[in-house]
Amino acid sequence: LPLFLIHRIGAEPALAVFVLAFFFLVLVLGRILAQVTARIFGSRLLVSAGVVLALTGCLTLSLSASLTGICLGLAALAIGFAPPYSVVKSVLDEALHFSPGFYQAILSVAVSGAMCAAWLAGYFHLLFGMSVFALFPAVGSVVVLILELLLLFEAHLMGERTPAQPDLPSADRRTS
């Protein structure tokens with residue numbers, strides 16, 4: 001993000017790092033907001049709204065040439081990225097009761113990906129230029145949207161099936 005700001009609008013490095021801190025602050029506040037609103041709106045609506053908001057933020061980032069527009073796009077992107085992790089964690093906890101080691105393994109994979117991101121970003125910058133960096137979060141948001149649609153389809157299919165209920169004798173019925 002700081003390199004994006006420096007190359008895109010010619011921001012000073014200190015300002016670019018400050019904008020990065022703003023992004024992480026909005027992301028943390030968005031995660032807190034997602035925890036509170038998940039009980040009210042439901043997890044599926046929250047994730048779908050987050051995907052739409054993240055895609056709006058990506059579009060704003062790719063089209064904006066001012067610091068204000070980029071900050072608004074980053075805020076939309078951060079609030080859009082906030083719900084999926086907390087919603088998925090709560091759904092997995094309720095359904096499958098994973099141990100804490102499972103989440104540590106997921107965190108290890110995420111940190112490994114984050115460590116490779118700077119290396120990969122250099123190659124993409126050389127090949128396609130700085131404007132390609134707005135596509136990375138957009139692709140991630142589209143993947144989350146596809147997964148959400150697949151989960152909705154699976155829930156629809158599973159909701160149509162009714163479990164077989166055996167005809168058990170009730171306590172008030174007498175058999176002769």
# chains A, B, ... in the order shown; residues from 1 in each chain; ligands from 1
>>> residues_around(residues="segment 126-143 of chain A", least_positions_apart="4", cutoff="12 Å", atoms="only C-alpha atoms", output="ChimeraX atom specification")
/A:1-9,47-65,70,73-74,76-78,80-84,117-122,147-150
>>> closest_residue(among="A:Ile106, A:Ala155, A:Leu25, A:Leu20", to="Ile79 of chain A", atoms="only C-alpha atoms")
A:Leu25
>>> closest_residue(among="A:Leu46, A:Leu145, A:Val36, A:Leu67", to="Ala16 of chain A", atoms="only C-alpha atoms")
A:Leu67
>>> decode(residues="segment 15-41 of chain A", atoms="N, CA, C and O atoms", output="PDB file, in the first residue's frame")
ATOM      1  N   LEU A  15       3.485   9.784   4.940  1.00  0.00           N
ATOM      2  CA  LEU A  15       2.043   9.824   4.724  1.00  0.00           C
ATOM      3  C   LEU A  15       1.523   8.465   4.260  1.00  0.00           C
ATOM      4  O   LEU A  15       0.455   8.023   4.685  1.00  0.00           O
ATOM      5  N   ALA A  16       2.297   7.785   3.422  1.00  0.00           N
ATOM      6  CA  ALA A  16       1.885   6.473   2.940  1.00  0.00           C
ATOM      7  C   ALA A  16       1.797   5.457   4.083  1.00  0.00           C
ATOM      8  O   ALA A  16       0.870   4.659   4.139  1.00  0.00           O
ATOM      9  N   VAL A  17       2.726   5.502   5.004  1.00  0.00           N
ATOM     10  CA  VAL A  17       2.685   4.612   6.166  1.00  0.00           C
ATOM     11  C   VAL A  17       1.522   4.996   7.075  1.00  0.00           C
ATOM     12  O   VAL A  17       0.861   4.126   7.656  1.00  0.00           O
ATOM     13  N   PHE A  18       1.233   6.276   7.200  1.00  0.00           N
ATOM     14  CA  PHE A  18       0.085   6.721   7.994  1.00  0.00           C
ATOM     15  C   PHE A  18      -1.223   6.201   7.383  1.00  0.00           C
ATOM     16  O   PHE A  18      -2.122   5.768   8.105  1.00  0.00           O
ATOM     17  N   VAL A  19      -1.327   6.211   6.068  1.00  0.00           N
ATOM     18  CA  VAL A  19      -2.525   5.682   5.395  1.00  0.00           C
ATOM     19  C   VAL A  19      -2.615   4.169   5.610  1.00  0.00           C
ATOM     20  O   VAL A  19      -3.708   3.626   5.792  1.00  0.00           O
ATOM     21  N   LEU A  20      -1.486   3.473   5.635  1.00  0.00           N
ATOM     22  CA  LEU A  20      -1.483   2.042   5.939  1.00  0.00           C
ATOM     23  C   LEU A  20      -1.991   1.797   7.361  1.00  0.00           C
ATOM     24  O   LEU A  20      -2.777   0.872   7.600  1.00  0.00           O
ATOM     25  N   ALA A  21      -1.567   2.629   8.306  1.00  0.00           N
ATOM     26  CA  ALA A  21      -2.072   2.519   9.678  1.00  0.00           C
ATOM     27  C   ALA A  21      -3.573   2.793   9.730  1.00  0.00           C
ATOM     28  O   ALA A  21      -4.307   2.134  10.484  1.00  0.00           O
ATOM     29  N   PHE A  22      -4.045   3.736   8.933  1.00  0.00           N
ATOM     30  CA  PHE A  22      -5.480   4.009   8.840  1.00  0.00           C
ATOM     31  C   PHE A  22      -6.234   2.778   8.337  1.00  0.00           C
ATOM     32  O   PHE A  22      -7.295   2.428   8.858  1.00  0.00           O
ATOM     33  N   PHE A  23      -5.687   2.106   7.334  1.00  0.00           N
ATOM     34  CA  PHE A  23      -6.318   0.900   6.808  1.00  0.00           C
ATOM     35  C   PHE A  23      -6.449  -0.168   7.892  1.00  0.00           C
ATOM     36  O   PHE A  23      -7.508  -0.780   8.059  1.00  0.00           O
ATOM     37  N   PHE A  24      -5.384  -0.397   8.648  1.00  0.00           N
ATOM     38  CA  PHE A  24      -5.443  -1.424   9.694  1.00  0.00           C
ATOM     39  C   PHE A  24      -6.369  -1.021  10.841  1.00  0.00           C
ATOM     40  O   PHE A  24      -7.033  -1.877  11.428  1.00  0.00           O
ATOM     41  N   LEU A  25      -6.445   0.258  11.150  1.00  0.00           N
ATOM     42  CA  LEU A  25      -7.382   0.727  12.178  1.00  0.00           C
ATOM     43  C   LEU A  25      -8.826   0.482  11.741  1.00  0.00           C
ATOM     44  O   LEU A  25      -9.646  -0.030  12.521  1.00  0.00           O
ATOM     45  N   VAL A  26      -9.140   0.803  10.498  1.00  0.00           N
ATOM     46  CA  VAL A  26     -10.497   0.565   9.989  1.00  0.00           C
ATOM     47  C   VAL A  26     -10.782  -0.935   9.922  1.00  0.00           C
ATOM     48  O   VAL A  26     -11.901  -1.371  10.211  1.00  0.00           O
ATOM     49  N   LEU A  27      -9.793  -1.736   9.607  1.00  0.00           N
ATOM     50  CA  LEU A  27      -9.971  -3.186   9.570  1.00  0.00           C
ATOM     51  C   LEU A  27     -10.296  -3.734  10.960  1.00  0.00           C
ATOM     52  O   LEU A  27     -11.212  -4.555  11.113  1.00  0.00           O
ATOM     53  N   VAL A  28      -9.589  -3.275  11.982  1.00  0.00           N
ATOM     54  CA  VAL A  28      -9.868  -3.718  13.358  1.00  0.00           C
ATOM     55  C   VAL A  28     -11.253  -3.261  13.796  1.00  0.00           C
ATOM     56  O   VAL A  28     -12.022  -4.037  14.380  1.00  0.00           O
ATOM     57  N   LEU A  29     -11.595  -2.017  13.513  1.00  0.00           N
ATOM     58  CA  LEU A  29     -12.933  -1.531  13.863  1.00  0.00           C
ATOM     59  C   LEU A  29     -14.015  -2.284  13.089  1.00  0.00           C
ATOM     60  O   LEU A  29     -15.092  -2.563  13.623  1.00  0.00           O
ATOM     61  N   GLY A  30     -13.723  -2.646  11.846  1.00  0.00           N
ATOM     62  CA  GLY A  30     -14.661  -3.438  11.060  1.00  0.00           C
ATOM     63  C   GLY A  30     -14.856  -4.833  11.623  1.00  0.00           C
ATOM     64  O   GLY A  30     -15.971  -5.365  11.612  1.00  0.00           O
ATOM     65  N   ARG A  31     -13.795  -5.433  12.156  1.00  0.00           N
ATOM     66  CA  ARG A  31     -13.932  -6.758  12.777  1.00  0.00           C
ATOM     67  C   ARG A  31     -14.784  -6.686  14.034  1.00  0.00           C
ATOM     68  O   ARG A  31     -15.610  -7.564  14.288  1.00  0.00           O
ATOM     69  N   ILE A  32     -14.611  -5.641  14.811  1.00  0.00           N
ATOM     70  CA  ILE A  32     -15.452  -5.451  16.001  1.00  0.00           C
ATOM     71  C   ILE A  32     -16.897  -5.238  15.576  1.00  0.00           C
ATOM     72  O   ILE A  32     -17.827  -5.830  16.149  1.00  0.00           O
ATOM     73  N   LEU A  33     -17.106  -4.419  14.569  1.00  0.00           N
ATOM     74  CA  LEU A  33     -18.454  -4.171  14.053  1.00  0.00           C
ATOM     75  C   LEU A  33     -19.076  -5.451  13.489  1.00  0.00           C
ATOM     76  O   LEU A  33     -20.271  -5.695  13.667  1.00  0.00           O
ATOM     77  N   ALA A  34     -18.274  -6.278  12.852  1.00  0.00           N
ATOM     78  CA  ALA A  34     -18.783  -7.536  12.301  1.00  0.00           C
ATOM     79  C   ALA A  34     -19.238  -8.478  13.414  1.00  0.00           C
ATOM     80  O   ALA A  34     -20.246  -9.174  13.267  1.00  0.00           O
ATOM     81  N   GLN A  35     -18.516  -8.513  14.510  1.00  0.00           N
ATOM     82  CA  GLN A  35     -18.916  -9.363  15.632  1.00  0.00           C
ATOM     83  C   GLN A  35     -20.251  -8.925  16.214  1.00  0.00           C
ATOM     84  O   GLN A  35     -21.094  -9.745  16.558  1.00  0.00           O
ATOM     85  N   VAL A  36     -20.449  -7.607  16.303  1.00  0.00           N
ATOM     86  CA  VAL A  36     -21.686  -7.082  16.885  1.00  0.00           C
ATOM     87  C   VAL A  36     -22.862  -7.281  15.932  1.00  0.00           C
ATOM     88  O   VAL A  36     -23.942  -7.700  16.347  1.00  0.00           O
ATOM     89  N   THR A  37     -22.656  -7.005  14.667  1.00  0.00           N
ATOM     90  CA  THR A  37     -23.769  -7.059  13.720  1.00  0.00           C
ATOM     91  C   THR A  37     -24.068  -8.458  13.203  1.00  0.00           C
ATOM     92  O   THR A  37     -25.111  -8.665  12.590  1.00  0.00           O
ATOM     93  N   ALA A  38     -23.184  -9.428  13.448  1.00  0.00           N
ATOM     94  CA  ALA A  38     -23.446 -10.791  12.973  1.00  0.00           C
ATOM     95  C   ALA A  38     -24.675 -11.375  13.653  1.00  0.00           C
ATOM     96  O   ALA A  38     -25.416 -12.150  13.051  1.00  0.00           O
ATOM     97  N   ARG A  39     -24.897 -11.016  14.895  1.00  0.00           N
ATOM     98  CA  ARG A  39     -26.079 -11.513  15.609  1.00  0.00           C
ATOM     99  C   ARG A  39     -27.359 -10.891  15.069  1.00  0.00           C
ATOM    100  O   ARG A  39     -28.416 -11.496  15.113  1.00  0.00           O
ATOM    101  N   ILE A  40     -27.271  -9.671  14.569  1.00  0.00           N
ATOM    102  CA  ILE A  40     -28.460  -8.957  14.102  1.00  0.00           C
ATOM    103  C   ILE A  40     -28.820  -9.348  12.675  1.00  0.00           C
ATOM    104  O   ILE A  40     -29.966  -9.671  12.377  1.00  0.00           O
ATOM    105  N   PHE A  41     -27.847  -9.307  11.779  1.00  0.00           N
ATOM    106  CA  PHE A  41     -28.122  -9.489  10.355  1.00  0.00           C
ATOM    107  C   PHE A  41     -27.918 -10.913   9.863  1.00  0.00           C
ATOM    108  O   PHE A  41     -28.383 -11.256   8.787  1.00  0.00           O
TER     109      PHE A  41
END
